[in-house]
file target25.cif (mmCIF, C-alpha atoms)
data_query
loop_
_atom_site.label_atom_id
_atom_site.label_comp_id
_atom_site.auth_asym_id
_atom_site.auth_seq_id
_atom_site.Cartn_x
_atom_site.Cartn_y
_atom_site.Cartn_z
CA ASP V 197 10.39 6.89 -11.50
CA ALA V 198 11.19 4.02 -13.84
CA GLY V 199 13.62 2.47 -11.39
CA VAL V 200 17.19 1.48 -12.13
CA ILE V 201 17.61 0.97 -15.86
CA GLN V 202 20.25 -1.35 -17.24
CA SER V 203 21.28 -2.10 -20.77
CA PRO V 204 21.71 -4.37 -22.53
CA ARG V 205 19.45 -6.93 -20.85
CA HIS V 206 21.15 -9.77 -22.67
CA GLU V 207 24.45 -9.93 -24.47
CA VAL V 208 26.30 -12.78 -26.11
CA THR V 209 29.81 -11.98 -27.18
CA GLU V 210 32.94 -13.76 -28.27
CA MET V 211 35.95 -14.15 -26.06
CA GLY V 212 38.31 -11.23 -26.42
CA GLN V 213 35.64 -8.69 -27.29
CA GLU V 214 34.99 -5.59 -25.25
CA VAL V 215 31.76 -5.52 -23.27
CA THR V 216 30.15 -2.35 -21.94
CA LEU V 217 27.24 -2.52 -19.54
CA ARG V 218 25.26 0.62 -18.80
CA CYS V 219 23.21 1.83 -15.88
CA LYS V 220 20.91 4.73 -15.17
CA PRO V 221 20.22 4.98 -11.44
CA ILE V 222 17.18 6.41 -9.72
CA SER V 223 17.32 10.17 -9.51
CA GLY V 224 18.49 11.36 -6.10
CA HIS V 225 20.29 8.17 -5.16
CA ASN V 226 23.80 9.11 -4.11
CA SER V 227 25.29 5.62 -4.00
CA LEU V 228 25.61 3.26 -6.95
CA PHE V 229 26.70 -0.36 -6.81
CA TRP V 230 27.75 -2.93 -9.39
CA TYR V 231 27.16 -6.56 -8.38
CA ARG V 232 27.89 -9.79 -10.22
CA GLN V 233 25.78 -12.91 -9.67
CA THR V 234 26.78 -16.48 -10.48
CA MET V 235 25.58 -19.83 -9.21
CA MET V 236 28.96 -20.63 -7.74
CA ARG V 237 29.79 -17.36 -6.00
CA GLY V 238 26.40 -15.83 -5.40
CA LEU V 239 26.06 -12.05 -5.43
CA GLU V 240 29.41 -10.27 -5.30
CA LEU V 241 29.94 -6.54 -4.89
CA LEU V 242 32.35 -5.39 -7.59
CA ILE V 243 32.53 -1.65 -6.96
CA TYR V 244 30.50 1.17 -5.50
CA PHE V 245 30.36 4.92 -5.94
CA ASN V 246 29.29 7.71 -3.60
CA ASN V 247 28.36 10.97 -5.30
CA ASN V 248 29.95 9.70 -8.54
CA VAL V 249 33.29 8.95 -6.82
CA PRO V 250 34.54 5.34 -6.71
CA ILE V 251 34.90 4.36 -3.07
CA ASP V 252 35.81 0.69 -3.06
CA ASP V 253 36.76 -1.34 -6.11
CA SER V 254 38.36 -4.21 -4.22
CA GLY V 255 35.71 -6.56 -5.60
CA MET V 256 36.71 -5.95 -9.19
CA PRO V 257 38.18 -9.29 -10.20
CA GLU V 258 40.93 -8.15 -12.56
CA ASP V 259 42.34 -5.20 -14.45
CA ARG V 260 40.16 -6.26 -17.34
CA PHE V 261 37.25 -4.78 -15.41
CA SER V 262 36.71 -1.04 -15.11
CA ALA V 263 33.81 1.13 -14.03
CA LYS V 264 33.04 4.81 -14.43
CA MET V 265 30.39 7.20 -13.26
CA PRO V 266 30.82 10.43 -15.21
CA ASN V 267 27.68 11.98 -13.72
CA ALA V 268 24.89 11.24 -11.28
CA SER V 269 22.65 9.67 -13.90
CA PHE V 270 24.97 7.28 -15.70
CA SER V 271 27.49 4.56 -14.99
CA THR V 272 29.29 1.96 -17.07
CA LEU V 273 31.01 -1.32 -16.32
CA LYS V 274 33.47 -2.37 -18.96
CA ILE V 275 35.21 -5.71 -19.50
CA GLN V 276 38.11 -5.70 -21.93
CA PRO V 277 39.00 -8.28 -23.08
CA SER V 278 36.12 -10.54 -22.06
CA GLU V 279 36.60 -14.18 -21.13
CA PRO V 280 34.14 -17.08 -20.80
CA ARG V 281 34.48 -17.01 -17.00
CA ASP V 282 33.01 -13.51 -17.03
CA SER V 283 29.65 -15.00 -17.98
CA ALA V 284 27.24 -13.92 -15.28
CA VAL V 285 24.39 -11.58 -14.48
CA TYR V 286 25.61 -8.08 -13.70
CA PHE V 287 23.38 -5.91 -11.54
CA CYS V 288 23.47 -2.20 -11.06
CA ALA V 289 21.83 -0.96 -7.88
CA GLY V 290 21.38 2.32 -6.09
CA SER V 291 20.64 3.71 -2.69
CA GLU V 292 20.33 7.02 -0.91
CA SER V 293 23.57 6.21 0.87
CA ALA V 294 26.11 3.41 0.92
CA SER V 295 24.91 1.93 4.17
CA GLY V 296 21.73 1.56 6.17
CA ASN V 297 19.24 2.08 3.38
CA THR V 298 17.25 -0.02 0.97
CA ILE V 299 19.08 -0.90 -2.23
CA TYR V 300 17.13 -0.75 -5.48
CA PHE V 301 18.27 -3.17 -8.16
CA GLY V 302 17.99 -3.05 -11.89
CA GLU V 303 16.83 -6.09 -13.80
CA GLY V 304 20.39 -7.09 -14.63
CA SER V 305 22.49 -7.59 -17.73
CA TRP V 306 22.84 -11.26 -18.66
CA LEU V 307 26.28 -11.70 -20.18
CA THR V 308 27.43 -14.81 -22.00
CA VAL V 309 30.98 -14.93 -23.32
CA VAL V 310 31.61 -17.79 -25.74
CA SER A 287 33.69 -11.63 6.19
CA GLN A 288 30.35 -10.39 7.43
CA GLN A 289 28.56 -12.16 4.61
CA GLY A 290 25.28 -13.70 5.69
CA GLU A 291 24.65 -17.35 5.05
CA GLU A 292 21.14 -18.55 4.45
CA ASP A 293 19.83 -21.91 5.50
CA PRO A 294 18.47 -24.05 3.95
CA GLN A 295 19.85 -23.60 0.45
CA ALA A 296 16.57 -24.86 -0.97
CA LEU A 297 13.12 -25.37 0.47
CA SER A 298 10.03 -26.92 -1.09
CA ILE A 299 6.62 -26.65 0.58
CA GLN A 300 2.94 -26.96 -0.22
CA GLU A 301 0.79 -23.90 -0.75
CA GLY A 302 -0.70 -22.76 2.53
CA GLU A 303 2.21 -23.97 4.65
CA ASN A 304 4.60 -21.63 6.41
CA ALA A 305 8.15 -21.19 5.14
CA THR A 306 11.05 -20.39 7.45
CA MET A 307 14.46 -19.31 6.22
CA ASN A 308 17.42 -18.58 8.42
CA CYS A 309 20.42 -16.32 8.09
CA SER A 310 23.62 -16.33 10.10
CA TYR A 311 26.36 -13.71 9.99
CA LYS A 312 29.77 -13.26 11.55
CA THR A 313 30.37 -9.67 12.65
CA SER A 314 28.43 -6.91 14.37
CA ILE A 315 25.82 -5.26 12.22
CA ASN A 316 23.85 -2.03 12.07
CA ASN A 317 20.92 -3.62 10.35
CA LEU A 318 19.89 -6.70 8.43
CA GLN A 319 17.74 -6.76 5.34
CA TRP A 320 15.87 -9.44 3.43
CA TYR A 321 15.44 -9.37 -0.32
CA ARG A 322 13.55 -11.50 -2.79
CA GLN A 323 14.56 -12.41 -6.34
CA ASN A 324 12.17 -13.87 -8.85
CA SER A 325 13.73 -15.95 -11.60
CA GLY A 326 15.40 -13.73 -14.19
CA ARG A 327 14.76 -10.53 -12.27
CA GLY A 328 16.59 -8.17 -9.96
CA LEU A 329 16.43 -8.30 -6.19
CA VAL A 330 13.58 -6.55 -4.44
CA HIS A 331 13.72 -5.30 -0.86
CA LEU A 332 11.32 -6.96 1.56
CA ILE A 333 12.11 -5.76 5.05
CA LEU A 334 14.82 -4.13 7.15
CA ILE A 335 15.39 -4.84 10.82
CA ARG A 336 17.76 -2.74 12.90
CA SER A 337 20.22 -4.18 15.39
CA ASN A 338 18.18 -2.88 18.34
CA GLU A 339 14.99 -4.57 17.09
CA ARG A 340 14.05 -8.18 17.78
CA GLU A 341 11.04 -8.71 15.56
CA LYS A 342 9.32 -7.01 12.67
CA HIS A 343 6.22 -7.76 10.64
CA SER A 344 5.12 -6.83 7.15
CA GLY A 345 1.98 -8.48 5.85
CA ARG A 346 2.62 -12.24 5.77
CA LEU A 347 6.30 -11.71 6.56
CA ARG A 348 7.81 -11.95 10.01
CA VAL A 349 11.48 -11.31 10.63
CA THR A 350 13.33 -11.94 13.84
CA LEU A 351 16.84 -10.92 14.81
CA ASP A 352 19.00 -12.38 17.56
CA THR A 353 22.20 -10.38 17.74
CA SER A 354 23.61 -12.58 20.51
CA LYS A 355 23.47 -15.55 18.14
CA LYS A 356 24.18 -13.43 15.06
CA SER A 357 21.17 -14.88 13.32
CA SER A 358 17.90 -13.86 11.71
CA SER A 359 14.90 -15.70 10.41
CA LEU A 360 12.32 -14.89 7.77
CA LEU A 361 8.92 -16.49 8.14
CA ILE A 362 6.39 -16.41 5.32
CA THR A 363 2.98 -17.47 6.56
CA ALA A 364 0.26 -19.10 4.45
CA SER A 365 2.57 -19.39 1.46
CA ARG A 366 1.35 -19.01 -2.10
CA ALA A 367 2.73 -20.28 -5.40
CA ALA A 368 3.64 -16.67 -6.18
CA ASP A 369 6.07 -16.71 -3.24
CA THR A 370 8.32 -19.03 -5.24
CA ALA A 371 11.62 -17.15 -5.48
CA SER A 372 15.08 -16.89 -3.95
CA TYR A 373 15.38 -15.06 -0.67
CA PHE A 374 18.56 -13.30 0.44
CA CYS A 375 19.67 -11.75 3.67
CA ALA A 376 22.07 -8.84 3.57
CA THR A 377 24.04 -7.17 6.33
CA ASP A 378 25.99 -3.98 6.74
CA GLY A 379 28.51 -3.60 9.52
CA SER A 380 29.77 -0.64 11.45
CA GLY A 381 30.79 2.38 9.46
CA ASN A 382 29.54 3.37 6.06
CA THR A 383 29.92 -0.04 4.44
CA PRO A 384 27.63 -1.39 1.74
CA LEU A 385 25.43 -4.44 2.00
CA VAL A 386 26.92 -7.90 1.68
CA PHE A 387 24.56 -10.60 0.49
CA GLY A 388 24.37 -14.30 1.24
CA LYS A 389 23.84 -16.93 -1.44
CA GLY A 390 20.14 -17.18 -0.81
CA THR A 391 17.47 -19.76 -0.14
CA ARG A 392 15.51 -21.03 -3.13
CA LEU A 393 11.90 -21.41 -2.09
CA SER A 394 9.46 -23.46 -4.15
CA VAL A 395 5.79 -23.32 -3.21
CA ILE A 396 3.82 -26.07 -4.86
CA ALA A 397 0.17 -25.43 -5.65
#

call {"tool": "encode", "arguments": {"input": "target25.cif", "output": "structure tokens"}}
result
Amino acid sequence: DAGVIQSPRHEVTEMGQEVTLRCKPISGHNSLFWYRQTMMRGLELLIYFNNNVPIDDSGMPEDRFSAKMPNASFSTLKIQPSEPRDSAVYFCAGSESASGNTIYFGEGSWLTVV
Amino acid sequence: SQQGEEDPQALSIQEGENATMNCSYKTSINNLQWYRQNSGRGLVHLILIRSNEREKHSGRLRVTLDTSKKSSSLLITASRAADTASYFCATDGSGNTPLVFGKGTRLSVIA
């Protein structure tokens, strides 16, 4: 398996533009997580899905953020409109279940909003 | 919050020395995990220790868990320059809750 695949790896966009980050999890992993990493706040859980269903989105910072998982092999995290404070590394990760198992991370999407 | 907190925030040692990183957490846990992150990469799982375990080994890694003190330590023996990375502890509490990560310890191993 190629592991968790994220795209784009790097994105620079202007404030106000829509940003869509994509994730392909490892086949057979029933839980999918979106994390955001910054120097100031560390690694924050934004949202997670179990069997494609969003379970907890309390970490999503604002209504500008939305996430979908239309099927077991694809998820998106969208920011609309983007702001400079959204600049961060966004990680998608997966696991066999939401708790008690190893989490496998993608390489991250490095977002810079100018 | 059950978020783990690593200590120290940064650690610099010479190659061949041992590196010890600590993690403290606030609430009861089912298990505690340690992850490593190389610069510019995603996190990689190192080791998991369950709440009923006190010590676990994996190669040059040794993890201890003291649930009475709500703390864990990660020891890397005979460190190498390639061990330079950030190390995170992560905990999950009772129920089907996902992992919560600390802010990590940045380890620099100088050759």

call {"tool": "residues_around", "arguments": {"input": "target25.cif", "residues": "Cys375 (chain A)", "least_positions_apart": "3", "cutoff": "10 Å", "atoms": "all atoms listed in the file", "output": "PDB file with C-alpha atoms, keeping the file's coordinate frame"}}
result
ATOM      1  CA  GLN A 289      28.560 -12.160   4.610  1.00  0.00           C
ATOM      2  CA  GLY A 290      25.280 -13.700   5.690  1.00  0.00           C
ATOM      3  CA  GLU A 291      24.650 -17.350   5.050  1.00  0.00           C
ATOM      4  CA  GLU A 292      21.140 -18.550   4.450  1.00  0.00           C
ATOM      5  CA  MET A 307      14.460 -19.310   6.220  1.00  0.00           C
ATOM      6  CA  ASN A 308      17.420 -18.580   8.420  1.00  0.00           C
ATOM      7  CA  CYS A 309      20.420 -16.320   8.090  1.00  0.00           C
ATOM      8  CA  SER A 310      23.620 -16.330  10.100  1.00  0.00           C
ATOM      9  CA  TYR A 311      26.360 -13.710   9.990  1.00  0.00           C
ATOM     10  CA  LEU A 318      19.890  -6.700   8.430  1.00  0.00           C
ATOM     11  CA  GLN A 319      17.740  -6.760   5.340  1.00  0.00           C
ATOM     12  CA  TRP A 320      15.870  -9.440   3.430  1.00  0.00           C
ATOM     13  CA  TYR A 321      15.440  -9.370  -0.320  1.00  0.00           C
ATOM     14  CA  ARG A 322      13.550 -11.500  -2.790  1.00  0.00           C
ATOM     15  CA  HIS A 331      13.720  -5.300  -0.860  1.00  0.00           C
ATOM     16  CA  LEU A 332      11.320  -6.960   1.560  1.00  0.00           C
ATOM     17  CA  ILE A 333      12.110  -5.760   5.050  1.00  0.00           C
ATOM     18  CA  LEU A 334      14.820  -4.130   7.150  1.00  0.00           C
ATOM     19  CA  SER A 358      17.900 -13.860  11.710  1.00  0.00           C
ATOM     20  CA  SER A 359      14.900 -15.700  10.410  1.00  0.00           C
ATOM     21  CA  LEU A 360      12.320 -14.890   7.770  1.00  0.00           C
ATOM     22  CA  LEU A 385      25.430  -4.440   2.000  1.00  0.00           C
ATOM     23  CA  VAL A 386      26.920  -7.900   1.680  1.00  0.00           C
ATOM     24  CA  PHE A 387      24.560 -10.600   0.490  1.00  0.00           C
ATOM     25  CA  GLY A 388      24.370 -14.300   1.240  1.00  0.00           C
ATOM     26  CA  LYS A 389      23.840 -16.930  -1.440  1.00  0.00           C
ATOM     27  CA  GLY A 390      20.140 -17.180  -0.810  1.00  0.00           C
ATOM     28  CA  THR A 391      17.470 -19.760  -0.140  1.00  0.00           C
TER      29      THR A 391
END

call {"tool": "closest_atom_pairs", "arguments": {"input": "target25.cif", "of": "chain A", "to": "chain V", "cutoff": "6 Å", "atoms": "only C-alpha atoms", "output": "tab-separated table"}}
result
residue	atom	partner	partner_atom	distance
A:Arg327	CA	V:Glu303	CA	5.1
A:Gly328	CA	V:Glu303	CA	4.4
A:Leu329	CA	V:Phe301	CA	5.8
A:Asn382	CA	V:Ser295	CA	5.2
A:Thr383	CA	V:Ser295	CA	5.4
A:Pro384	CA	V:Ser295	CA	4.9
A:Lys389	CA	V:Gly238	CA	4.8

call {"tool": "write_last_selection", "arguments": {"input": "target25.cif", "atoms": "C-alpha atoms", "output": "CSV table (one decimal), in the frame of the given file"}}
result
chain,number,residue,atom,x,y,z
A,327,ARG,CA,14.8,-10.5,-12.3
A,328,GLY,CA,16.6,-8.2,-10.0
A,329,LEU,CA,16.4,-8.3,-6.2
A,382,ASN,CA,29.5,3.4,6.1
A,383,THR,CA,29.9,0.0,4.4
A,384,PRO,CA,27.6,-1.4,1.7
A,389,LYS,CA,23.8,-16.9,-1.4

call {"tool": "atom_distance", "arguments": {"input": "target25.cif", "atom1": "CA of Pro221 (chain V)", "atom2": "CA of Gly199 (chain V)"}}
result
7.1 Å

call {"tool": "resolve_selection", "arguments": {"input": "target25.cif", "expression": "the PyMOL selection byres ((chain A and resi 339) around 10)", "output": "PyMOL selection string"}}
result
chain A and resi 317+334-338+340-342+349-353

call {"tool": "residues_around", "arguments": {"input": "target25.cif", "residues": "Arg260 (chain V)", "least_positions_apart": "5", "cutoff": "10 Å", "atoms": "only C-alpha atoms", "output": "PDB file with C-alpha atoms, in the frame of the given file"}}
result
ATOM      1  CA  GLU V 214      34.990  -5.590 -25.250  1.00  0.00           C
ATOM      2  CA  LYS V 274      33.470  -2.370 -18.960  1.00  0.00           C
ATOM      3  CA  ILE V 275      35.210  -5.710 -19.500  1.00  0.00           C
ATOM      4  CA  GLN V 276      38.110  -5.700 -21.930  1.00  0.00           C
ATOM      5  CA  PRO V 277      39.000  -8.280 -23.080  1.00  0.00           C
ATOM      6  CA  SER V 278      36.120 -10.540 -22.060  1.00  0.00           C
ATOM      7  CA  GLU V 279      36.600 -14.180 -21.130  1.00  0.00           C
TER       8      GLU V 279
END

call {"tool": "closest_residue", "arguments": {"input": "target25.cif", "among": "A:Gly326, A:Ala397, A:Gly345, A:Pro294", "to": "Thr306 (chain A)", "atoms": "all atoms listed in the file"}}
result
A:Pro294

call {"tool": "closest_residue", "arguments": {"input": "target25.cif", "among": "A:Gln300, A:Ser357, A:Ser394, A:Thr370", "to": "Ile315 (chain A)", "atoms": "all atoms listed in the file"}}
result
A:Ser357

call {"tool": "closest_residue", "arguments": {"input": "target25.cif", "among": "V:Ile222, V:Leu228, V:Met256, V:Val309", "to": "Ser283 (chain V)", "atoms": "all atoms listed in the file"}}
result
V:Val309

call {"tool": "resolve_selection", "arguments": {"input": "target25.cif", "expression": "the PyMOL selection byres ((chain V and resi 269) around 8)", "output": "JSON, numbers by chain"}}
result
{"V": [220, 221, 222, 223, 267, 268, 270, 271]}

call {"tool": "atom_distance", "arguments": {"input": "target25.cif", "atom1": "CA of Asp293 (chain A)", "atom2": "CA of Tyr373 (chain A)"}}
result
10.2 Å

call {"tool": "atom_distance", "arguments": {"input": "target25.cif", "atom1": "CA of Arg392 (chain A)", "atom2": "CA of Trp230 (chain V)"}}
result
22.7 Å

call {"tool": "residues_near_point", "arguments": {"input": "target25.cif", "point": "(28.8, -6.3, -25.7)", "cutoff": "10 Å", "atoms": "only C-alpha atoms", "output": "JSON list (two decimals) with C-alpha atoms, in the frame of the given file"}}
result
[["chain", "number", "residue", "atom", "x", "y", "z"],
["V", 203, "SER", "CA", 21.28, -2.10, -20.77],
["V", 204, "PRO", "CA", 21.71, -4.37, -22.53],
["V", 206, "HIS", "CA", 21.15, -9.77, -22.67],
["V", 207, "GLU", "CA", 24.45, -9.93, -24.47],
["V", 208, "VAL", "CA", 26.30, -12.78, -26.11],
["V", 209, "THR", "CA", 29.81, -11.98, -27.18],
["V", 210, "GLU", "CA", 32.94, -13.76, -28.27],
["V", 213, "GLN", "CA", 35.64, -8.69, -27.29],
["V", 214, "GLU", "CA", 34.99, -5.59, -25.25],
["V", 215, "VAL", "CA", 31.76, -5.52, -23.27],
["V", 216, "THR", "CA", 30.15, -2.35, -21.94],
["V", 217, "LEU", "CA", 27.24, -2.52, -19.54],
["V", 274, "LYS", "CA", 33.47, -2.37, -18.96],
["V", 275, "ILE", "CA", 35.21, -5.71, -19.50],
["V", 278, "SER", "CA", 36.12, -10.54, -22.06],
["V", 307, "LEU", "CA", 26.28, -11.70, -20.18],
["V", 308, "THR", "CA", 27.43, -14.81, -22.00],
["V", 309, "VAL", "CA", 30.98, -14.93, -23.32]]

call {"tool": "closest_residue", "arguments": {"input": "target25.cif", "among": "A:Ser344, A:Asn304, A:Ser325, A:Asn316", "to": "Leu361 (chain A)", "atoms": "all atoms listed in the file"}}
result
A:Asn304
